[in-house]
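Each remark here refers to the structure printed beneath this line.
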Amino acid sequence: VEFAAGGALRRLLVLDGLQDPGNVGTLLRTALALGWQGVYCLPGCCDLFNDKALKAARGAAFRLPYSVGSWEELSAVASFHDMICLAAAVPTNGLKGESALEEVVASVAERPCMLVLGAEGPGLSGESRLTCRPVSVPMGGKMESLNVAAAGSILMYALATTY
């Protein structure tokens with residue numbers, strides 16, 4: 001699949017085992033709305049054309065280029081486009097999400113990147129944790145985490161506005 005027809009691939013959403021079709025559809029819709037150029041599904045993701053995913057995507061599944069494959073294949077895409085790999089993570093060990101997000105956004109402002117979002121229950125796969133730089137959403141409230149569609153949408157917006 002050619003993600004960026006006639007140009008360089010700048011922003012790629014990667015779904016790492018997401019199972020909830022509502023979350024998948026919401027993320028596709030958000031990616032398309034924010035100008036992301038494609039989505040890559042790693043093993044374990046629900047079908048992008050599941051009825052519930054299609055309903056949540058509101059047509060984005062038909063307009064956003066996508067591919068399904070392994071980490072090995074994704075690594076080849078990332079290498080070809082010189083992409084930085086970021087992965088959404090829950091802040092831990094006192095990490096302040098706000099400073100982490102600002103630092104990451106500044107560091108990728110002029111670089112192509114992919115954002116990996118982990119499954120709703122288990123989170124990121126081992127390969128994602130080993131390969132990607134973690135990034136988190138700043139949260140000043142009393143919740144420890146966000147729904148993957150909410151966190152992914154916030155991160156896509158922060159990263160989309162950098163180029």
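Identifiers in the structure tokens: chain A, B, ... in order shown; residue index from 1 per chain; ligand index from 1 in order shown.
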Next on the checklist: Could you list, as a ChimeraX atom specification, every residue within 10 Å of Ala160 (chain A), counting only C-alpha atoms and ignoring same-chain residues fewer than 6 positions away?
Outcome noted: /A:10-11,31,34-36,105,109,113,154
Output C-alpha atoms of each residue in that selection to a file, as a CSV table (one decimal), in the first residue's frame.
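The result, written out as selection-v3.csv:
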```csv
chain,number,residue,atom,x,y,z
A,10,ARG,CA,5.1,12.1,7.4
A,11,ARG,CA,2.5,10.6,9.8
A,31,ALA,CA,-6.5,10.2,11.7
A,34,LEU,CA,-6.1,15.5,11.2
A,35,GLY,CA,-4.3,14.7,7.9
A,36,TRP,CA,-2.5,11.6,8.9
A,105,VAL,CA,6.5,17.1,19.9
A,109,ALA,CA,8.4,18.7,14.5
A,113,CYS,CA,6.9,9.7,12.7
A,154,ILE,CA,-5.0,13.8,21.6
```
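By only C-alpha atoms, and with residues fewer than 3 positions from Cys41 (chain A) along its chain excluded, the set lying at most 8 Å from it is A:Val14, A:Leu15, A:Asp16, A:Gly17, A:Cys45, A:Tyr66, A:Ser67, A:Val68, A:Gly69.
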Pull all heavy atoms from the residues just selected and write them as a compact mmCIF listing (two decimals), in the first residue's frame.
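Contents of the output file again_6.txt:
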```txt
# COMPACT_ATOMS: atom_id res chain seq x y z
N VAL A 14 -0.25 3.53 13.87
CA VAL A 14 -0.03 2.09 13.96
C VAL A 14 -0.89 1.53 15.10
O VAL A 14 -0.80 2.02 16.23
CB VAL A 14 1.45 1.76 14.21
CG1 VAL A 14 1.65 0.25 14.33
CG2 VAL A 14 2.32 2.34 13.10
N LEU A 15 -1.70 0.54 14.79
CA LEU A 15 -2.58 -0.08 15.78
C LEU A 15 -2.00 -1.43 16.17
O LEU A 15 -1.85 -2.32 15.33
CB LEU A 15 -3.99 -0.23 15.22
CG LEU A 15 -4.63 1.05 14.70
CD1 LEU A 15 -6.02 0.78 14.15
CD2 LEU A 15 -4.65 2.14 15.76
N ASP A 16 -1.64 -1.57 17.43
CA ASP A 16 -0.95 -2.75 17.95
C ASP A 16 -1.92 -3.61 18.75
O ASP A 16 -2.01 -3.51 19.96
CB ASP A 16 0.22 -2.28 18.82
CG ASP A 16 1.09 -3.42 19.33
OD1 ASP A 16 0.87 -4.58 18.93
OD2 ASP A 16 1.99 -3.14 20.14
N GLY A 17 -2.70 -4.43 18.04
CA GLY A 17 -3.59 -5.37 18.69
C GLY A 17 -4.89 -4.79 19.22
O GLY A 17 -5.53 -5.42 20.07
N CYS A 45 -5.26 -6.99 15.62
CA CYS A 45 -6.24 -5.90 15.48
C CYS A 45 -7.56 -6.43 14.94
O CYS A 45 -7.58 -7.36 14.15
CB CYS A 45 -5.73 -4.83 14.51
SG CYS A 45 -4.52 -3.74 15.22
N TYR A 66 -4.40 1.96 4.17
CA TYR A 66 -4.07 1.09 5.30
C TYR A 66 -3.30 -0.14 4.81
O TYR A 66 -3.33 -0.48 3.63
CB TYR A 66 -5.33 0.63 6.04
CG TYR A 66 -6.13 -0.39 5.30
CD1 TYR A 66 -5.94 -1.75 5.53
CD2 TYR A 66 -7.07 -0.01 4.33
CE1 TYR A 66 -6.66 -2.70 4.82
CE2 TYR A 66 -7.79 -0.95 3.63
CZ TYR A 66 -7.58 -2.30 3.88
OH TYR A 66 -8.29 -3.23 3.18
N SER A 67 -2.62 -0.75 5.76
CA SER A 67 -1.94 -2.00 5.49
C SER A 67 -1.99 -2.84 6.76
O SER A 67 -2.09 -2.31 7.86
CB SER A 67 -0.48 -1.74 5.09
OG SER A 67 0.13 -2.93 4.65
N VAL A 68 -1.92 -4.14 6.59
CA VAL A 68 -1.91 -5.08 7.70
C VAL A 68 -0.66 -5.92 7.55
O VAL A 68 -0.37 -6.41 6.46
CB VAL A 68 -3.16 -5.99 7.67
CG1 VAL A 68 -3.11 -7.01 8.80
CG2 VAL A 68 -4.43 -5.16 7.74
N GLY A 69 0.11 -6.06 8.63
CA GLY A 69 1.33 -6.85 8.52
C GLY A 69 2.06 -6.98 9.84
O GLY A 69 1.54 -6.67 10.90
```
Checklist entry - When DSSP works through the backbone of this structure, what residues of region 47-156 of chain A end up as helix (DSSP H, G or I), shown as a ChimeraX atom specification? => result /A:51-57,60-63,71-80,97-107,126-131,148-156
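Between CA of Met83 (chain A) and CA of Ala57 (chain A) there is a distance of 25.6 Å.
All residues in chain A with a DSSP state of strand (DSSP E), computed from the backbone, read A:Arg11, A:Leu12, A:Leu13, A:Val14, A:Leu15, A:Asp16, A:Val39, A:Tyr40, A:Cys41, A:Tyr66, A:Ser67, A:Val68, A:Ile84, A:Cys85, A:Leu86, A:Ala87, A:Ala88, A:Cys113, A:Met114, A:Leu115, A:Val116, A:Leu117, A:Gly118, A:Arg133, A:Pro134, A:Val135.
Of the residues listed (A:Val39, A:Ala76, A:Ala53, A:Ala150), A:Ala150 shows the shortest atom-to-atom separation from Ala88 (chain A); distances use only C-alpha atoms.
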Do you know which residues are at most 12 Å from Asp51 (chain A) counting only C-alpha atoms, after dropping those on the same chain fewer than 2 positions away, and could you put them as a PDB file with N, CA and C atoms, in the first residue's frame?
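Contents of the output file out-v3.pdb:
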```pdb
ATOM      1  N   ASP A  20     -11.228  -3.383  20.137  1.00  0.00           N
ATOM      2  CA  ASP A  20     -12.548  -2.756  20.154  1.00  0.00           C
ATOM      3  C   ASP A  20     -12.799  -2.021  18.847  1.00  0.00           C
ATOM      4  N   PRO A  21     -13.787  -2.461  18.064  1.00  0.00           N
ATOM      5  CA  PRO A  21     -14.038  -1.829  16.771  1.00  0.00           C
ATOM      6  C   PRO A  21     -14.470  -0.367  16.881  1.00  0.00           C
ATOM      7  N   GLY A  22     -15.114   0.002  17.979  1.00  0.00           N
ATOM      8  CA  GLY A  22     -15.485   1.403  18.171  1.00  0.00           C
ATOM      9  C   GLY A  22     -14.255   2.283  18.307  1.00  0.00           C
ATOM     10  N   VAL A  24     -11.235   1.530  17.160  1.00  0.00           N
ATOM     11  CA  VAL A  24     -10.546   1.508  15.863  1.00  0.00           C
ATOM     12  C   VAL A  24     -11.199   2.499  14.901  1.00  0.00           C
ATOM     13  N   GLY A  25     -12.513   2.469  14.797  1.00  0.00           N
ATOM     14  CA  GLY A  25     -13.216   3.392  13.904  1.00  0.00           C
ATOM     15  C   GLY A  25     -13.008   4.843  14.293  1.00  0.00           C
ATOM     16  N   CYS A  46      -8.629  -5.782  15.363  1.00  0.00           N
ATOM     17  CA  CYS A  46      -9.920  -6.144  14.793  1.00  0.00           C
ATOM     18  C   CYS A  46      -9.961  -5.678  13.336  1.00  0.00           C
ATOM     19  N   ASP A  47     -10.868  -6.224  12.600  1.00  0.00           N
ATOM     20  CA  ASP A  47     -11.029  -5.900  11.191  1.00  0.00           C
ATOM     21  C   ASP A  47     -11.481  -4.443  11.037  1.00  0.00           C
ATOM     22  N   LEU A  48     -10.767  -3.686  10.221  1.00  0.00           N
ATOM     23  CA  LEU A  48     -11.126  -2.281   9.989  1.00  0.00           C
ATOM     24  C   LEU A  48     -12.505  -2.151   9.352  1.00  0.00           C
ATOM     25  N   PHE A  49     -12.976  -3.223   8.741  1.00  0.00           N
ATOM     26  CA  PHE A  49     -14.271  -3.191   8.052  1.00  0.00           C
ATOM     27  C   PHE A  49     -15.366  -3.929   8.824  1.00  0.00           C
ATOM     28  N   ALA A  53     -16.790  -0.835  13.554  1.00  0.00           N
ATOM     29  CA  ALA A  53     -15.648   0.016  13.183  1.00  0.00           C
ATOM     30  C   ALA A  53     -16.040   0.950  12.039  1.00  0.00           C
ATOM     31  N   LEU A  54     -16.743   0.416  11.051  1.00  0.00           N
ATOM     32  CA  LEU A  54     -17.188   1.240   9.924  1.00  0.00           C
ATOM     33  C   LEU A  54     -18.123   2.360  10.377  1.00  0.00           C
ATOM     34  N   LYS A  55     -19.026   2.034  11.280  1.00  0.00           N
ATOM     35  CA  LYS A  55     -19.960   3.043  11.777  1.00  0.00           C
ATOM     36  C   LYS A  55     -19.214   4.157  12.513  1.00  0.00           C
ATOM     37  N   ALA A  56     -18.267   3.780  13.369  1.00  0.00           N
ATOM     38  CA  ALA A  56     -17.498   4.782  14.117  1.00  0.00           C
ATOM     39  C   ALA A  56     -16.576   5.591  13.202  1.00  0.00           C
ATOM     40  N   ALA A  57     -16.078   4.964  12.137  1.00  0.00           N
ATOM     41  CA  ALA A  57     -15.147   5.635  11.225  1.00  0.00           C
ATOM     42  C   ALA A  57     -15.839   6.643  10.309  1.00  0.00           C
ATOM     43  N   ARG A  58     -17.139   6.504  10.118  1.00  0.00           N
ATOM     44  CA  ARG A  58     -17.914   7.443   9.285  1.00  0.00           C
ATOM     45  C   ARG A  58     -17.278   7.659   7.910  1.00  0.00           C
ATOM     46  N   GLY A  59     -16.864   6.577   7.270  1.00  0.00           N
ATOM     47  CA  GLY A  59     -16.316   6.654   5.914  1.00  0.00           C
ATOM     48  C   GLY A  59     -14.808   6.716   5.834  1.00  0.00           C
ATOM     49  N   ALA A  61     -12.589   4.655   6.794  1.00  0.00           N
ATOM     50  CA  ALA A  61     -11.978   3.371   6.428  1.00  0.00           C
ATOM     51  C   ALA A  61     -11.830   3.232   4.911  1.00  0.00           C
TER      52      ALA A  61
END
```
Checklist entry - Nearest to Val108 (chain A): which of A:Ala158, A:Val148, A:Gly140, A:Glu73 is it, counting only C-alpha atoms? => result A:Ala158
Next on the checklist: Give me the residues near Leu86 (chain A) as a PyMOL selection string, where near means some atom within 10 Å (using only C-alpha atoms) and where sequence neighbours in that chain fewer than 2 positions away do not count.
Outcome noted: chain A and resi 13-14+83-84+88-89+104+108+113-117+128-129+131-136
